Amino acid sequence: MRRPWFWVTLFCLHLQLKSIETSSCSGALGVEDGTVDMTQVTVSSDTSGYRKARIRLNTVGRAWKARHLNTDQWALFDLLKPVRITTVGLQGLEGAYVTSYHVLKSEDGVTFEYYTESGSVVLFSTDTSSQAADSDYVDMQSLDMYTRFIKISVQSWVTEIMARVELYGCDDIRSTCSGYEENNHLEGWYTGYPSGDSSNLEEIYCIDVHPERTLDDCYAAMGIEDGSLSASQFSASSVKSGSPVSKARLNANGGEWRADSDDANQWFQIDFADFVTVSRVATQASSGKDVTGFTLDYSFDGTTFYSYYETFTASSGNGVITYNDITIPIRARYLRFLITSWSGSIGMRLETYGCSFGKANQTCSELEEAGETDGWLTNWVYCRPIAGSMQTCADAMGMESGSIPDSSLTASSYKSDSDGYRPEHGRLNVVSDSYSDSCWVTDTTDTNQYLQINLGSPNFVSKVVIQGSPGGTDYWTETFYVQYSDDGSSFTTYQEDGSPKLLTGNTDATTAVTSTFLNPFEAQYIRINPQSWNTYPAIRAEVYGCANPMDDCDTWYSSGYTTPGTYSIALPGWSIASVYCPMDQLTTGVASCKDYQTDGYTTDGYYWIKPSGSTGFAIHCDFDTSEFVNDVILMEVGHDAEDATDVSGTQYAAAGSYSVSLTYDCGSPSDLSIVAQSALYCEQQLYYTCEGAYIFNSGVQYTWWEDAAGSQMTSFPGADSSFTGCACGENDNCVAGVSGTPCNCDQTYPYSEARDGGFIVDKSKLPISAFYAGHFVESGDTAEHIIGKLRCFDADTSTIPSSCQDAADSFMHSTNGYYFIDPDGTSSTFQPLKVYCDFTSVENAVVTVFEHDYIEVTVEDTYSSAKYAREINYNGASLAQIEELMTGALRCEQYIGFECGYGTRIRKSDRAFWVSRDGTKMEYWGGATENDKCACGMLGTCLDPTEDCQCDIQDTDHVLYDNGYLADKTKLPVSKLQFGDARYDRTAKVSLGNLRCYHQTSSKLYKSCYHMKVDGVSTDGDYFVDPDGSGSGQDAFMVTCDLSHNDTHAKQTFSHDSENRTHVEGFEDPGTYAKDINYLASWDQFDAHFALTNYQECEQYIKYECRESQLLESDTGYWMSRNGETMRYWGGGSPDQLTCACGVDGSCDGGSSDKCNCDDDSSSLATDDGYLYNNTHLPVSQLRFGDTGDSGEEGYFTLGKLVCYITTRKYNIYIYIYIYSALPSSIEHSHT
């Protein structure tokens, strides 16, 4: 028990603490031994094999190494609480080390300030000679600072920025509570110096501010002395004339509060007007009117008071102030001083100290730890055991939200002059759109009326909130009883202290009033029974509490609940669900969600199933899931290990020494295995990202998963279940590049981040029951695992199409969306799979889209060629399934792009490649068909003519791109990506589009849009055309047809990937900016199109906007034809004179001698635009620009679609060009 304290006591305490504080403050703070977790460490950059995890002092053979060699490199440590730091220890490694650095500190990790001494920033210089002589030498630099965050900012180094670190110091005694938060510094009493004078230590109470989990000061005066609390908030048992409660303020002049009687029934009370925390009280004596002893009572509502367990004493003597700490601070609204002893007569002046409410007096878990079976928190939240742990029981049960249906609300009567007074309108805060005065109002004004609420199943009820009518009629209920029942027939009146409790209701029509049940009860039916009212009893109500779960439907049944319906069930994952229990079929059991659907159930939710071999469990049935357009049932089961989880630490060096067992939200793994094996298709994902942590090594399996039966799986997700290893090992193309390597993670030093995993679709193995990992041999070995939900799909097999085309033809589907399809019907060769079907984008084809799990990522610090590897998983579909669905497609395509930053290479020395569906390493890139080439290499238009990819020129100043479509149906889809060569400042990013396949739906494939028009086709839209005839020459390709353009022509449009306005900046030399243009047709297909015997006039709009950036002057900008020829004229300009449009008539901004407006090099934005017409040159295959490298220089280009007007009649092209070259670009051309 805390006793009153005085300054002399505190002074002694101060001396003792100062003695401790000034002794050794040089202990290691935990970087080396792992106490400081890697989540607490951030670095400016790091490199493969030398990640931040190597930063711990004395790490063997490794250190943190910054990727960049500049003074912007740093290491930041979050120590989770303010501590005193006295020394920084640094090691280098093998001749590379830091020679000087700054230290910065921060309280919040956002705002930093430099460490200074005598007002100057300190530059710490290390002992370079010792470091040069001994790579394990620890350089120790002394300082003295208090901080939570410390940043070491490197200023100079030798060879590389490499460091291993330890910090030294001790815990801090802080002036206020902010220094004691987090890291197990829980709410409570601490030693501090709030006055700011560290020589005056005192005990301070620190309150936990929920949910931020921060500590706030809770020892401030609460407003009695300074008048912040008004006298109207004070009351007393009695008041002596001339000594009112207003005189009870500490240090007040002119008296004190005095009781009218000097006996043990006297008290003084404070209403703080809100919940507060009181940690200390002060009482002040005056001559002959001294309170020498008292106890404290507290209340939440001013009616019911609770006694605090301590008795407090105070000293006599005029003006003497006695401070009493409250060991367990009181949280309440009302505080009452009960006088137990006095000297002379009873009189008081006082102050209270504390803060606003903070969090609840206890959490539910704290109640449980204290051995309570249930109980109230001091903010009137009720806690009780739910599903195996103490949880809050104060949820709204559904009156206001409407989850309690109207049919569950009944009443003894309702006022008949308005349907707005029916019982279904008795919902808290709800006003009907049809009735402004909607609420339940009785028809008879007697004490036998009630509003009855059926909660649907038994629940615990902890409070009720009521209000009156909302529409100005001034109907409300002043007092009421609450009655409850399990069966709706026999009701019990709620009691307290052995008698029916008359609850206090409203004093106006609209204010919501809460009545809390100190004795929460269990019931399904609740009646609110008015006893007094204003004009008419009227109620809008909400009931609060929680479900009363049982373990299963059988327990409910044996407890007397035999009616089929929804009951609260405690699920294995410590959650509660409303589960439909088929009480009339519990013995025989309903085996699956599909059986429920067959019986006519269509409402999504949890259902109790009892498949053969199971005792029964709950499963969530999503009937006709919105994920699919066709009728599919989804059963998705989550678990407690879904979050991405990091693994590191040499304690996990042994095989399988790290483990996690999965607890599923419903059903055990053996139960869910039964569900999986009876479903049409199931899937579960598992991914393992690693650096240094092997899956297999020297024939030993270090990392694995266990199936539903608990058996160790030697195959990793993504590989065939019969293969020992991962998908890359099955195809013998793992990132290590050594034949026979089982997994990408099994790579030799230097390590790069690698990943293995994918979908598990073998229903006989699902679900995953546990995951094990090992081979964390060195302190920097790290890994991350992600384990997905179990997802099972079921459906009537007669409703599942075999393809998107079959969905349209046989099942008459026309809605774009995801479909569940089965390529071989009821055959067991292929499982069903998920695809996206697009029936509307193309007029004569159905589009099937296969999505995948690859996420575009920028890769840095991957030194070796193709060291970054990703298997591509297509939503669980096997490559054989996809191949089956590609059969007969007009075209399949997959877009692939490579973005290389500052010198990263792509094809040179196999820096990047993709793998075909049969596991073959493919040595060309998107837009190309020949080995070692990218799109620009096919036409000879690469920036360096001696290279075949833009990225292979190794431009160290810019980001370049090699993009295009892959369209070889014998190779698609891409099954794996590998790239690398990103070291130092280099970056690499690969993008991969979904696989799209087009299947013809019309009986005829036309050569062009004009041929369609002639044959009577009239619907505009996207079509596949085949200029050289179906089945011969080039494949068909997609165009947009405007068949109603005019009577004689059909307008055929070719789209590309660069139609948006695009900024150009940072390229100074002529033509050093290059943009390859990728069309949905290949160059060979364009040749076939232009070989048509029909007459066609083609055009392509082109525009360049410039600021201090020339266009054609000095060959700064130009474009490339489809044959790779350099074109040095611009839209609307003359091919012979090599000009822009303004150069034809001498109207350019800079005068008649300029070729283009942009050649004036003006600081104002200028524009050159127009149409290109020469069919021999079109379409544009590449754009080149320059003169944008200096400050203020920039450009924007816009390239339109290629548009061809096709007919059989020939017109005078020369007249046409003359007329239309003068037209504004915004005017649509007319071809008649």
# chains A, B, ... in the order shown; residues from 1 in each chain; ligands from 1
>>> select_by_dssp(residues="stretch 795-891 of chain A", states="alpha helix (DSSP H)", output="ChimeraX atom specification")
/A:804-809,879-886
>>> residues_around(residues="A:Gly565", least_positions_apart="3", cutoff="7 Å", atoms="only C-alpha atoms", output="CSV table (one decimal) with all heavy atoms, in the first residue's frame")
chain,number,residue,atom,x,y,z
A,580,TYR,N,-26.0,-22.4,-39.6
A,580,TYR,CA,-27.3,-23.0,-39.7
A,580,TYR,C,-27.1,-24.5,-39.3
A,580,TYR,O,-26.3,-25.2,-39.8
A,580,TYR,CB,-27.7,-23.0,-41.2
A,580,TYR,CG,-29.1,-23.6,-41.4
A,580,TYR,CD1,-30.2,-23.0,-41.1
A,580,TYR,CD2,-29.1,-25.0,-41.8
A,580,TYR,CE1,-31.5,-23.6,-41.2
A,580,TYR,CE2,-30.4,-25.6,-41.9
A,580,TYR,CZ,-31.5,-24.9,-41.6
A,580,TYR,OH,-32.8,-25.5,-41.8
A,581,CYS,N,-28.0,-24.9,-38.4
A,581,CYS,CA,-28.0,-26.3,-37.8
A,581,CYS,C,-29.2,-27.0,-38.3
A,581,CYS,O,-30.3,-26.6,-38.0
A,581,CYS,CB,-27.9,-26.3,-36.3
A,581,CYS,SG,-26.4,-25.6,-35.6
A,582,PRO,N,-29.0,-28.0,-39.1
A,582,PRO,CA,-30.2,-28.8,-39.6
A,582,PRO,C,-30.7,-29.8,-38.6
A,582,PRO,O,-30.4,-31.0,-38.7
A,582,PRO,CB,-29.6,-29.5,-40.9
A,582,PRO,CG,-28.2,-29.7,-40.5
A,582,PRO,CD,-27.8,-28.6,-39.6
>>> select_by_dssp(residues="stretch 408-639 of chain A", states="strand (DSSP E or B)", output="PyMOL selection string")
chain A and resi 409-411+427+440-441+451-467+476-485+492-493+495-496+499-500+503-504+513-534+538-547+550+565-570+576-581+605-609+617-622+633-637+639
>>> closest_residue(among="A:Met886, A:Ala509, A:Ala869, A:Met140", to="A:Arg911", atoms="only C-alpha atoms")
A:Ala869
>>> residues_around(residues="A:Thr447", least_positions_apart="4", cutoff="12 Å", atoms="only C-alpha atoms", output="list in words")
Ser412, Thr442, Asp443, Thr477, Glu478, Thr479, Phe480, Tyr481, Ile528, Asn529, Pro530, Gln531, Ser532, Trp533, Tyr536 and Pro537 of chain A
